[in-house]
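Have a look at entry-v6.txt below; it lists compact mmCIF, N, CA and C atoms.
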```txt
# COMPACT_ATOMS: atom_id res chain seq x y z
N MET A 1 -0.10 -12.67 9.54
CA MET A 1 0.47 -12.81 8.21
C MET A 1 1.19 -11.52 7.83
N SER A 2 2.12 -11.65 6.93
CA SER A 2 2.90 -10.49 6.51
C SER A 2 2.59 -10.12 5.07
N ILE A 3 3.14 -9.01 4.66
CA ILE A 3 3.06 -8.52 3.28
C ILE A 3 4.46 -8.63 2.70
N THR A 4 4.55 -9.01 1.44
CA THR A 4 5.88 -9.02 0.81
C THR A 4 5.86 -8.11 -0.41
N LEU A 5 6.94 -7.38 -0.57
CA LEU A 5 7.17 -6.53 -1.73
C LEU A 5 8.50 -6.96 -2.32
N GLY A 6 8.44 -7.66 -3.43
CA GLY A 6 9.66 -8.24 -3.97
C GLY A 6 10.22 -9.22 -2.96
N VAL A 7 11.43 -8.96 -2.48
CA VAL A 7 12.07 -9.84 -1.48
C VAL A 7 11.98 -9.27 -0.07
N VAL A 8 11.29 -8.14 0.10
CA VAL A 8 11.21 -7.48 1.40
C VAL A 8 9.92 -7.89 2.11
N THR A 9 10.04 -8.31 3.36
CA THR A 9 8.88 -8.67 4.18
C THR A 9 8.47 -7.47 5.02
N LEU A 10 7.16 -7.15 4.97
CA LEU A 10 6.60 -6.01 5.68
C LEU A 10 5.53 -6.49 6.65
N PRO A 11 5.18 -5.67 7.64
CA PRO A 11 4.12 -6.07 8.57
C PRO A 11 2.78 -6.27 7.83
N GLY A 12 2.03 -7.26 8.25
CA GLY A 12 0.75 -7.55 7.62
C GLY A 12 -0.34 -6.56 7.94
N ASP A 13 -0.11 -5.69 8.91
CA ASP A 13 -1.16 -4.73 9.26
C ASP A 13 -0.93 -3.34 8.69
N LEU A 14 -0.11 -3.23 7.64
CA LEU A 14 -0.09 -1.97 6.90
C LEU A 14 -1.46 -1.80 6.25
N ARG A 15 -2.00 -0.60 6.27
CA ARG A 15 -3.34 -0.34 5.76
C ARG A 15 -3.28 0.11 4.31
N TRP A 16 -4.11 -0.49 3.46
CA TRP A 16 -4.25 -0.07 2.06
C TRP A 16 -5.20 1.11 2.07
N ALA A 17 -4.65 2.32 2.11
CA ALA A 17 -5.43 3.54 2.33
C ALA A 17 -6.40 3.87 1.21
N ASP A 18 -6.06 3.56 -0.04
CA ASP A 18 -6.90 3.95 -1.18
C ASP A 18 -7.50 2.75 -1.89
N GLU A 19 -7.76 1.68 -1.14
CA GLU A 19 -8.26 0.44 -1.74
C GLU A 19 -9.57 0.65 -2.49
N PHE A 20 -10.46 1.49 -1.97
CA PHE A 20 -11.77 1.67 -2.58
C PHE A 20 -11.94 3.04 -3.23
N ALA A 21 -10.84 3.74 -3.46
CA ALA A 21 -10.89 5.07 -4.06
C ALA A 21 -10.61 5.04 -5.56
N TRP A 22 -10.69 3.87 -6.17
CA TRP A 22 -10.36 3.70 -7.58
C TRP A 22 -11.39 2.79 -8.21
N SER A 23 -11.69 3.04 -9.45
CA SER A 23 -12.60 2.18 -10.19
C SER A 23 -11.94 1.75 -11.50
N PRO A 24 -12.12 0.50 -11.88
CA PRO A 24 -11.55 0.06 -13.15
C PRO A 24 -12.33 0.59 -14.36
N VAL A 25 -13.49 1.17 -14.11
CA VAL A 25 -14.33 1.69 -15.20
C VAL A 25 -14.00 3.15 -15.42
N VAL A 26 -13.72 3.50 -16.68
CA VAL A 26 -13.48 4.88 -17.05
C VAL A 26 -14.51 5.26 -18.10
N GLN A 27 -14.98 6.49 -18.02
CA GLN A 27 -16.04 6.91 -18.93
C GLN A 27 -15.80 8.35 -19.38
N SER A 28 -16.10 8.59 -20.65
CA SER A 28 -16.04 9.96 -21.16
C SER A 28 -17.34 10.24 -21.90
N ALA A 29 -17.75 11.48 -21.87
CA ALA A 29 -18.99 11.87 -22.55
C ALA A 29 -18.74 13.20 -23.26
N GLU A 30 -19.22 13.29 -24.49
CA GLU A 30 -19.13 14.54 -25.24
C GLU A 30 -20.28 14.60 -26.24
N TYR A 31 -20.57 15.79 -26.64
CA TYR A 31 -21.66 15.98 -27.60
C TYR A 31 -21.13 15.97 -29.02
N SER A 32 -21.87 15.35 -29.90
CA SER A 32 -21.50 15.34 -31.32
C SER A 32 -21.97 16.64 -31.96
N LEU A 33 -21.65 16.84 -33.23
CA LEU A 33 -22.08 18.03 -33.96
C LEU A 33 -23.60 18.12 -34.07
N THR A 34 -24.27 16.98 -33.99
CA THR A 34 -25.74 16.96 -34.07
C THR A 34 -26.38 17.23 -32.73
N GLY A 35 -25.60 17.29 -31.68
CA GLY A 35 -26.13 17.52 -30.34
C GLY A 35 -26.37 16.25 -29.55
N ALA A 36 -26.14 15.10 -30.15
CA ALA A 36 -26.32 13.84 -29.45
C ALA A 36 -25.17 13.63 -28.46
N LEU A 37 -25.49 13.02 -27.34
CA LEU A 37 -24.48 12.71 -26.34
C LEU A 37 -23.82 11.38 -26.69
N ILE A 38 -22.50 11.40 -26.81
CA ILE A 38 -21.74 10.19 -27.10
C ILE A 38 -20.99 9.81 -25.82
N VAL A 39 -21.32 8.63 -25.31
CA VAL A 39 -20.70 8.14 -24.08
C VAL A 39 -19.84 6.94 -24.42
N GLN A 40 -18.59 6.99 -24.01
CA GLN A 40 -17.67 5.88 -24.21
C GLN A 40 -17.23 5.34 -22.85
N THR A 41 -17.28 4.04 -22.70
CA THR A 41 -16.91 3.39 -21.45
C THR A 41 -15.88 2.30 -21.75
N ALA A 42 -14.88 2.20 -20.89
CA ALA A 42 -13.84 1.18 -21.06
C ALA A 42 -13.36 0.73 -19.68
N THR A 43 -12.58 -0.31 -19.68
CA THR A 43 -12.00 -0.84 -18.45
C THR A 43 -10.51 -0.52 -18.42
N ARG A 44 -10.08 0.09 -17.32
CA ARG A 44 -8.65 0.34 -17.14
C ARG A 44 -7.95 -0.99 -16.91
N LEU A 45 -6.81 -1.15 -17.50
CA LEU A 45 -6.07 -2.40 -17.38
C LEU A 45 -5.01 -2.35 -16.29
N ALA A 46 -4.60 -1.16 -15.90
CA ALA A 46 -3.55 -1.02 -14.88
C ALA A 46 -3.61 0.39 -14.30
N GLY A 47 -2.73 0.67 -13.37
CA GLY A 47 -2.64 2.00 -12.80
C GLY A 47 -3.38 2.17 -11.48
N ARG A 48 -3.88 1.07 -10.92
CA ARG A 48 -4.59 1.17 -9.63
C ARG A 48 -3.59 1.57 -8.54
N PRO A 49 -3.88 2.64 -7.79
CA PRO A 49 -2.97 3.04 -6.72
C PRO A 49 -3.08 2.08 -5.54
N ILE A 50 -1.94 1.78 -4.97
CA ILE A 50 -1.89 0.99 -3.74
C ILE A 50 -0.98 1.74 -2.78
N THR A 51 -1.60 2.47 -1.86
CA THR A 51 -0.85 3.21 -0.84
C THR A 51 -0.94 2.42 0.45
N LEU A 52 0.19 1.91 0.90
CA LEU A 52 0.25 1.15 2.15
C LEU A 52 0.78 2.06 3.24
N GLU A 53 -0.01 2.20 4.31
CA GLU A 53 0.35 3.11 5.40
C GLU A 53 0.46 2.35 6.72
N ALA A 54 1.42 2.77 7.51
CA ALA A 54 1.57 2.22 8.85
C ALA A 54 0.44 2.73 9.73
N GLN A 55 -0.08 1.85 10.54
CA GLN A 55 -1.04 2.23 11.56
C GLN A 55 -0.29 2.76 12.76
N ARG A 56 -1.01 3.15 13.75
CA ARG A 56 -0.45 3.79 14.93
C ARG A 56 0.73 3.02 15.54
N ASP A 57 0.59 1.72 15.70
CA ASP A 57 1.65 0.92 16.32
C ASP A 57 2.31 -0.04 15.34
N THR A 58 2.23 0.26 14.06
CA THR A 58 2.86 -0.58 13.04
C THR A 58 4.21 0.02 12.71
N TRP A 59 5.24 -0.66 13.12
CA TRP A 59 6.59 -0.16 12.90
C TRP A 59 7.40 -1.16 12.11
N VAL A 60 8.39 -0.64 11.41
CA VAL A 60 9.38 -1.47 10.72
C VAL A 60 10.76 -1.02 11.19
N THR A 61 11.74 -1.85 10.94
CA THR A 61 13.10 -1.47 11.32
C THR A 61 13.71 -0.57 10.24
N ARG A 62 14.72 0.16 10.62
CA ARG A 62 15.45 1.00 9.66
C ARG A 62 16.01 0.14 8.53
N ASP A 63 16.43 -1.06 8.87
CA ASP A 63 16.95 -2.00 7.88
C ASP A 63 15.89 -2.29 6.81
N THR A 64 14.64 -2.46 7.22
CA THR A 64 13.55 -2.70 6.28
C THR A 64 13.31 -1.46 5.42
N VAL A 65 13.34 -0.29 6.02
CA VAL A 65 13.17 0.96 5.26
C VAL A 65 14.25 1.07 4.19
N LEU A 66 15.48 0.77 4.55
CA LEU A 66 16.59 0.84 3.58
C LEU A 66 16.41 -0.17 2.45
N ALA A 67 15.88 -1.35 2.76
CA ALA A 67 15.65 -2.37 1.73
C ALA A 67 14.56 -1.92 0.76
N VAL A 68 13.49 -1.33 1.28
CA VAL A 68 12.41 -0.82 0.42
C VAL A 68 12.91 0.37 -0.40
N GLN A 69 13.68 1.24 0.23
CA GLN A 69 14.24 2.40 -0.47
C GLN A 69 15.14 1.96 -1.61
N ALA A 70 15.88 0.88 -1.43
CA ALA A 70 16.75 0.36 -2.49
C ALA A 70 15.91 -0.09 -3.69
N LEU A 71 14.76 -0.72 -3.43
CA LEU A 71 13.86 -1.09 -4.53
C LEU A 71 13.36 0.16 -5.24
N ALA A 72 12.91 1.14 -4.46
CA ALA A 72 12.35 2.38 -5.03
C ALA A 72 13.39 3.16 -5.82
N ASP A 73 14.65 3.04 -5.45
CA ASP A 73 15.72 3.77 -6.13
C ASP A 73 16.25 3.04 -7.37
N THR A 74 15.69 1.89 -7.67
CA THR A 74 16.10 1.13 -8.85
C THR A 74 15.26 1.59 -10.04
N PRO A 75 15.87 2.23 -11.03
CA PRO A 75 15.11 2.71 -12.18
C PRO A 75 14.35 1.58 -12.87
N GLY A 76 13.06 1.80 -13.09
CA GLY A 76 12.24 0.82 -13.80
C GLY A 76 11.86 -0.40 -12.98
N TRP A 77 12.04 -0.33 -11.66
CA TRP A 77 11.74 -1.50 -10.84
C TRP A 77 10.26 -1.86 -10.93
N VAL A 78 9.99 -3.11 -11.18
CA VAL A 78 8.65 -3.69 -11.17
C VAL A 78 8.75 -4.98 -10.38
N GLY A 79 7.81 -5.19 -9.46
CA GLY A 79 7.88 -6.38 -8.63
C GLY A 79 6.52 -6.89 -8.24
N VAL A 80 6.53 -7.90 -7.42
CA VAL A 80 5.30 -8.54 -6.97
C VAL A 80 5.00 -8.12 -5.54
N LEU A 81 3.76 -7.67 -5.32
CA LEU A 81 3.26 -7.34 -3.99
C LEU A 81 2.26 -8.42 -3.60
N THR A 82 2.52 -9.07 -2.48
CA THR A 82 1.59 -10.07 -1.96
C THR A 82 1.06 -9.56 -0.63
N LEU A 83 -0.24 -9.34 -0.57
CA LEU A 83 -0.87 -8.82 0.64
C LEU A 83 -1.10 -9.94 1.64
N HIS A 84 -1.38 -9.56 2.87
CA HIS A 84 -1.58 -10.52 3.95
C HIS A 84 -2.73 -11.48 3.69
N ASP A 85 -3.69 -11.09 2.84
CA ASP A 85 -4.85 -11.94 2.55
C ASP A 85 -4.65 -12.80 1.30
N GLY A 86 -3.43 -12.77 0.74
CA GLY A 86 -3.10 -13.62 -0.39
C GLY A 86 -3.27 -12.98 -1.76
N ARG A 87 -3.86 -11.77 -1.83
CA ARG A 87 -3.97 -11.10 -3.13
C ARG A 87 -2.58 -10.72 -3.63
N VAL A 88 -2.38 -10.88 -4.93
CA VAL A 88 -1.07 -10.63 -5.54
C VAL A 88 -1.22 -9.61 -6.66
N PHE A 89 -0.32 -8.63 -6.70
CA PHE A 89 -0.33 -7.58 -7.71
C PHE A 89 1.08 -7.38 -8.25
N THR A 90 1.18 -7.07 -9.53
CA THR A 90 2.45 -6.63 -10.11
C THR A 90 2.44 -5.11 -10.00
N VAL A 91 3.46 -4.55 -9.35
CA VAL A 91 3.46 -3.13 -9.01
C VAL A 91 4.77 -2.44 -9.36
N ALA A 92 4.69 -1.12 -9.40
CA ALA A 92 5.86 -0.24 -9.50
C ALA A 92 5.62 0.90 -8.52
N PHE A 93 6.66 1.61 -8.18
CA PHE A 93 6.51 2.76 -7.29
C PHE A 93 5.95 3.94 -8.07
N ARG A 94 5.26 4.85 -7.35
CA ARG A 94 4.70 6.05 -7.96
C ARG A 94 4.95 7.25 -7.04
N ASP A 95 4.74 8.43 -7.56
CA ASP A 95 4.77 9.68 -6.81
C ASP A 95 5.94 9.76 -5.84
N GLU A 96 5.62 9.87 -4.56
CA GLU A 96 6.67 10.07 -3.55
C GLU A 96 7.34 8.78 -3.13
N ARG A 97 6.91 7.67 -3.66
CA ARG A 97 7.53 6.36 -3.49
C ARG A 97 7.54 5.85 -2.06
N VAL A 98 8.47 6.31 -1.24
CA VAL A 98 8.63 5.80 0.12
C VAL A 98 8.73 6.98 1.07
N SER A 99 7.96 6.90 2.15
CA SER A 99 8.05 7.90 3.20
C SER A 99 8.22 7.16 4.53
N ALA A 100 9.23 7.52 5.29
CA ALA A 100 9.50 6.85 6.56
C ALA A 100 9.90 7.89 7.60
N GLU A 101 9.38 7.71 8.80
CA GLU A 101 9.69 8.61 9.91
C GLU A 101 10.12 7.78 11.11
N PRO A 102 11.20 8.17 11.78
CA PRO A 102 11.58 7.42 12.98
C PRO A 102 10.53 7.59 14.07
N VAL A 103 10.26 6.52 14.79
CA VAL A 103 9.32 6.59 15.91
C VAL A 103 9.89 7.47 17.00
N ARG A 104 11.18 7.34 17.22
CA ARG A 104 11.90 8.18 18.18
C ARG A 104 13.23 8.52 17.57
N HIS A 105 13.53 9.80 17.47
CA HIS A 105 14.78 10.21 16.83
C HIS A 105 15.94 10.00 17.80
N ILE A 106 16.85 9.13 17.37
CA ILE A 106 18.06 8.86 18.14
C ILE A 106 19.23 8.90 17.16
N ALA A 107 20.27 9.62 17.51
CA ALA A 107 21.45 9.65 16.65
C ALA A 107 22.59 8.98 17.40
N PRO A 108 23.38 8.17 16.77
CA PRO A 108 23.27 7.75 15.38
C PRO A 108 22.19 6.68 15.21
N HIS A 109 21.68 6.57 13.99
CA HIS A 109 20.65 5.58 13.70
C HIS A 109 21.25 4.19 13.63
N GLU A 110 20.47 3.21 14.05
CA GLU A 110 20.89 1.82 13.97
C GLU A 110 19.86 1.05 13.16
N ASP A 111 20.28 -0.09 12.60
CA ASP A 111 19.40 -0.87 11.73
C ASP A 111 18.14 -1.35 12.43
N ALA A 112 18.15 -1.49 13.74
CA ALA A 112 17.00 -1.99 14.48
C ALA A 112 16.06 -0.88 14.95
N ASP A 113 16.38 0.39 14.69
CA ASP A 113 15.51 1.49 15.10
C ASP A 113 14.14 1.37 14.43
N ALA A 114 13.10 1.79 15.13
CA ALA A 114 11.72 1.66 14.63
C ALA A 114 11.30 2.88 13.81
N TYR A 115 10.59 2.61 12.70
CA TYR A 115 10.10 3.65 11.79
C TYR A 115 8.65 3.37 11.42
N THR A 116 7.90 4.43 11.13
CA THR A 116 6.62 4.27 10.45
C THR A 116 6.90 4.36 8.96
N LEU A 117 6.05 3.73 8.15
CA LEU A 117 6.35 3.60 6.73
C LEU A 117 5.10 3.82 5.91
N THR A 118 5.24 4.55 4.80
CA THR A 118 4.19 4.69 3.81
C THR A 118 4.80 4.38 2.45
N LEU A 119 4.14 3.50 1.68
CA LEU A 119 4.60 3.14 0.34
C LEU A 119 3.54 3.55 -0.66
N GLN A 120 3.97 4.18 -1.75
CA GLN A 120 3.06 4.55 -2.83
C GLN A 120 3.40 3.71 -4.06
N LEU A 121 2.49 2.80 -4.35
CA LEU A 121 2.67 1.87 -5.46
C LEU A 121 1.52 2.02 -6.44
N GLN A 122 1.65 1.40 -7.60
CA GLN A 122 0.55 1.31 -8.56
C GLN A 122 0.68 0.01 -9.32
N THR A 123 -0.47 -0.53 -9.73
CA THR A 123 -0.43 -1.78 -10.48
C THR A 123 0.08 -1.50 -11.89
N ILE A 124 0.73 -2.50 -12.45
CA ILE A 124 1.31 -2.41 -13.79
C ILE A 124 0.63 -3.43 -14.67
```

Written form, structure tokens:
Amino acid sequence: MSITLGVVTLPGDLRWADEFAWSPVVQSAEYSLTGALIVQTATRLAGRPITLEAQRDTWVTRDTVLAVQALADTPGWVGVLTLHDGRVFTVAFRDERVSAEPVRHIAPHEDADAYTLTLQLQTI
């Protein structure tokens, strides 16, 4: 199965690197003037990081990298991410957005050249 980001199809074996590094529960604690501890707990509604990383032999074409980069370069882009297991998220790009490295550097580059890919997304 594959992963889709908007209209771009990606390999299904991209790894969700930070899947379990986030919690929807946020908590703050502070002391009142009387010395009592006040604890507030809430549920985050969005902002979950989704970093998709290429595995050792997971490659995409340069054409795919350019298509993802075009999404990332669109100001305010928000789209649908569908993972290989059917989970669906509304996402936007974050931080460094897209990182891609050629598997083998050959000049000039062609659309079919192989690249590793890392995407930094977050839920909206």

Ref. answer, residues at most 8 Å from (-5.5, -0.2, -16.3) with only N, CA and C atoms, as a CSV table (one decimal) with N, CA and C atoms, in the coordinates of the input:
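Contents of the output file result-v4.csv:
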```csv
chain,number,residue,atom,x,y,z
A,24,PRO,N,-12.1,0.5,-11.9
A,24,PRO,CA,-11.6,0.1,-13.2
A,24,PRO,C,-12.3,0.6,-14.4
A,43,THR,N,-12.6,-0.3,-19.7
A,43,THR,CA,-12.0,-0.8,-18.4
A,43,THR,C,-10.5,-0.5,-18.4
A,44,ARG,N,-10.1,0.1,-17.3
A,44,ARG,CA,-8.6,0.3,-17.1
A,44,ARG,C,-8.0,-1.0,-16.9
A,45,LEU,N,-6.8,-1.2,-17.5
A,45,LEU,CA,-6.1,-2.4,-17.4
A,45,LEU,C,-5.0,-2.4,-16.3
A,46,ALA,N,-4.6,-1.2,-15.9
A,46,ALA,CA,-3.6,-1.0,-14.9
A,46,ALA,C,-3.6,0.4,-14.3
A,47,GLY,N,-2.7,0.7,-13.4
A,47,GLY,CA,-2.6,2.0,-12.8
A,47,GLY,C,-3.4,2.2,-11.5
A,48,ARG,N,-3.9,1.1,-10.9
A,48,ARG,CA,-4.6,1.2,-9.6
A,48,ARG,C,-3.6,1.6,-8.5
A,123,THR,N,-0.5,-0.5,-9.7
A,123,THR,CA,-0.4,-1.8,-10.5
A,123,THR,C,0.1,-1.5,-11.9
A,124,ILE,N,0.7,-2.5,-12.4
A,124,ILE,CA,1.3,-2.4,-13.8
A,124,ILE,C,0.6,-3.4,-14.7
```

Give me, as a PDB file with N, CA and C atoms, in the coordinates of the input, all polymer residues having an atom no more than 8 Å from Gly79 of chain A, counting only C-alpha atoms and skipping those fewer than 5 positions away in the same chain.
```
ATOM      1  N   LEU A   5       6.940  -7.380  -0.570  1.00  0.00           N
ATOM      2  CA  LEU A   5       7.170  -6.530  -1.730  1.00  0.00           C
ATOM      3  C   LEU A   5       8.500  -6.960  -2.320  1.00  0.00           C
ATOM      4  N   GLY A   6       8.440  -7.660  -3.430  1.00  0.00           N
ATOM      5  CA  GLY A   6       9.660  -8.240  -3.970  1.00  0.00           C
ATOM      6  C   GLY A   6      10.220  -9.220  -2.960  1.00  0.00           C
ATOM      7  N   THR A  90       1.180  -7.070  -9.530  1.00  0.00           N
ATOM      8  CA  THR A  90       2.450  -6.630 -10.110  1.00  0.00           C
ATOM      9  C   THR A  90       2.440  -5.110 -10.000  1.00  0.00           C
ATOM     10  N   VAL A  91       3.460  -4.550  -9.350  1.00  0.00           N
ATOM     11  CA  VAL A  91       3.460  -3.130  -9.010  1.00  0.00           C
ATOM     12  C   VAL A  91       4.770  -2.440  -9.360  1.00  0.00           C
ATOM     13  N   ALA A  92       4.690  -1.120  -9.400  1.00  0.00           N
ATOM     14  CA  ALA A  92       5.860  -0.240  -9.500  1.00  0.00           C
ATOM     15  C   ALA A  92       5.620   0.900  -8.520  1.00  0.00           C
TER      16      ALA A  92
END
```

Per-residue nearest contacts segment 2-76 of chain A to segment 101-119 of chain A, cut-off 6.5 Å, using all atoms listed in the file, as a Markdown table:
```
| residue | atom | partner | partner_atom | distance |
| --- | --- | --- | --- | --- |
| A:Ile50 | C | A:Leu119 | C | 5.3 |
| A:Thr51 | CA | A:Leu119 | C | 4.4 |
| A:Leu52 | C | A:Leu119 | N | 4.0 |
| A:Glu53 | CA | A:Thr118 | CA | 4.4 |
| A:Ala54 | N | A:Leu117 | C | 4.1 |
| A:Thr58 | C | A:Thr116 | CA | 5.4 |
| A:Trp59 | CA | A:Tyr115 | C | 4.3 |
| A:Val60 | C | A:Tyr115 | N | 3.9 |
| A:Thr61 | CA | A:Asp113 | C | 4.3 |
| A:Arg62 | N | A:Asp113 | C | 4.0 |
| A:Asp63 | N | A:Asp111 | C | 4.0 |
| A:Thr64 | N | A:Asp111 | C | 6.4 |
```

In Å to one decimal, how far is atom N of Gly86 of chain A from atom C of Arg15 of chain A?
13.4 Å

Using all atoms listed in the file, can you list as a list of chain:residue names the residues within 8 Å of (-0.7, -11.1, 1.0)?
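The requested residues, written out, are A:Met1, A:Ser2, A:Ile3, A:Thr4, A:Gly12, A:Leu81, A:Thr82, A:Leu83, A:His84, A:Asp85, A:Gly86, A:Arg87, A:Val88.
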
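Nearest residue to Val25 of chain A, choosing from A:Ala42, A:Ala72, A:Val8, A:Val78 and counting only N, CA and C atoms: A:Ala42.
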
Mind the document's chain letters and residue numbers, and return as JSON, numbers by chain the residues of chain A that DSSP labels strand (DSSP E or B).
{"A": [3, 4, 5, 8, 9, 10, 15, 16, 25, 26, 27, 28, 29, 30, 31, 37, 38, 39, 40, 41, 42, 43, 49, 50, 51, 52, 53, 60, 61, 79, 80, 81, 82, 88, 89, 90, 91, 92, 93, 94, 95, 96, 97, 98, 99, 100, 101, 102, 114, 115, 116, 117, 118, 119, 120, 121, 122, 123]}

Provide the atom N of Gly76 of chain A to atom CA of Ser99 of chain A distance in Å, to one decimal place.
18.1 Å

Using backbone DSSP assignments, extract all helix (DSSP H, G or I) residues from segment 7-124 of chain A; output them as a PyMOL selection string.
chain A and resi 62-72

Residue selection dump (N, CA and C atoms) as a PDB file, in the frame of the given file:
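out.pdb was written with the following content:
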```pdb
ATOM      1  N   ARG A  62      14.720   0.160  10.620  1.00  0.00           N
ATOM      2  CA  ARG A  62      15.450   1.000   9.660  1.00  0.00           C
ATOM      3  C   ARG A  62      16.010   0.140   8.530  1.00  0.00           C
ATOM      4  N   ASP A  63      16.430  -1.060   8.870  1.00  0.00           N
ATOM      5  CA  ASP A  63      16.950  -2.000   7.880  1.00  0.00           C
ATOM      6  C   ASP A  63      15.890  -2.290   6.810  1.00  0.00           C
ATOM      7  N   THR A  64      14.640  -2.460   7.220  1.00  0.00           N
ATOM      8  CA  THR A  64      13.550  -2.700   6.280  1.00  0.00           C
ATOM      9  C   THR A  64      13.310  -1.460   5.420  1.00  0.00           C
ATOM     10  N   VAL A  65      13.340  -0.290   6.020  1.00  0.00           N
ATOM     11  CA  VAL A  65      13.170   0.960   5.260  1.00  0.00           C
ATOM     12  C   VAL A  65      14.250   1.070   4.190  1.00  0.00           C
ATOM     13  N   LEU A  66      15.480   0.770   4.550  1.00  0.00           N
ATOM     14  CA  LEU A  66      16.590   0.840   3.580  1.00  0.00           C
ATOM     15  C   LEU A  66      16.410  -0.170   2.450  1.00  0.00           C
ATOM     16  N   ALA A  67      15.880  -1.350   2.760  1.00  0.00           N
ATOM     17  CA  ALA A  67      15.650  -2.370   1.730  1.00  0.00           C
ATOM     18  C   ALA A  67      14.560  -1.920   0.760  1.00  0.00           C
ATOM     19  N   VAL A  68      13.490  -1.330   1.280  1.00  0.00           N
ATOM     20  CA  VAL A  68      12.410  -0.820   0.420  1.00  0.00           C
ATOM     21  C   VAL A  68      12.910   0.370  -0.400  1.00  0.00           C
ATOM     22  N   GLN A  69      13.680   1.240   0.230  1.00  0.00           N
ATOM     23  CA  GLN A  69      14.240   2.400  -0.470  1.00  0.00           C
ATOM     24  C   GLN A  69      15.140   1.960  -1.610  1.00  0.00           C
ATOM     25  N   ALA A  70      15.880   0.880  -1.430  1.00  0.00           N
ATOM     26  CA  ALA A  70      16.750   0.360  -2.490  1.00  0.00           C
ATOM     27  C   ALA A  70      15.910  -0.090  -3.690  1.00  0.00           C
ATOM     28  N   LEU A  71      14.760  -0.720  -3.430  1.00  0.00           N
ATOM     29  CA  LEU A  71      13.860  -1.090  -4.530  1.00  0.00           C
ATOM     30  C   LEU A  71      13.360   0.160  -5.240  1.00  0.00           C
ATOM     31  N   ALA A  72      12.910   1.140  -4.460  1.00  0.00           N
ATOM     32  CA  ALA A  72      12.350   2.380  -5.030  1.00  0.00           C
ATOM     33  C   ALA A  72      13.390   3.160  -5.820  1.00  0.00           C
TER      34      ALA A  72
END
```

Quick one: axis-aligned box around all listed atoms of segment 30-44 of chain A, 3 Å on every side, centre and edge lengths in Å to one decimal, written as AutoDock Vina command-line options.
```
--center_x -17.2 --center_y 8.6 --center_z -25.5 --size_x 24.4 --size_y 25.1 --size_z 23.2
```

When you draw a straight line from atom CA of Leu121 of chain A to atom CA of Gln27 of chain A, how long is it in Å?
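So the answer is 23.6 Å.
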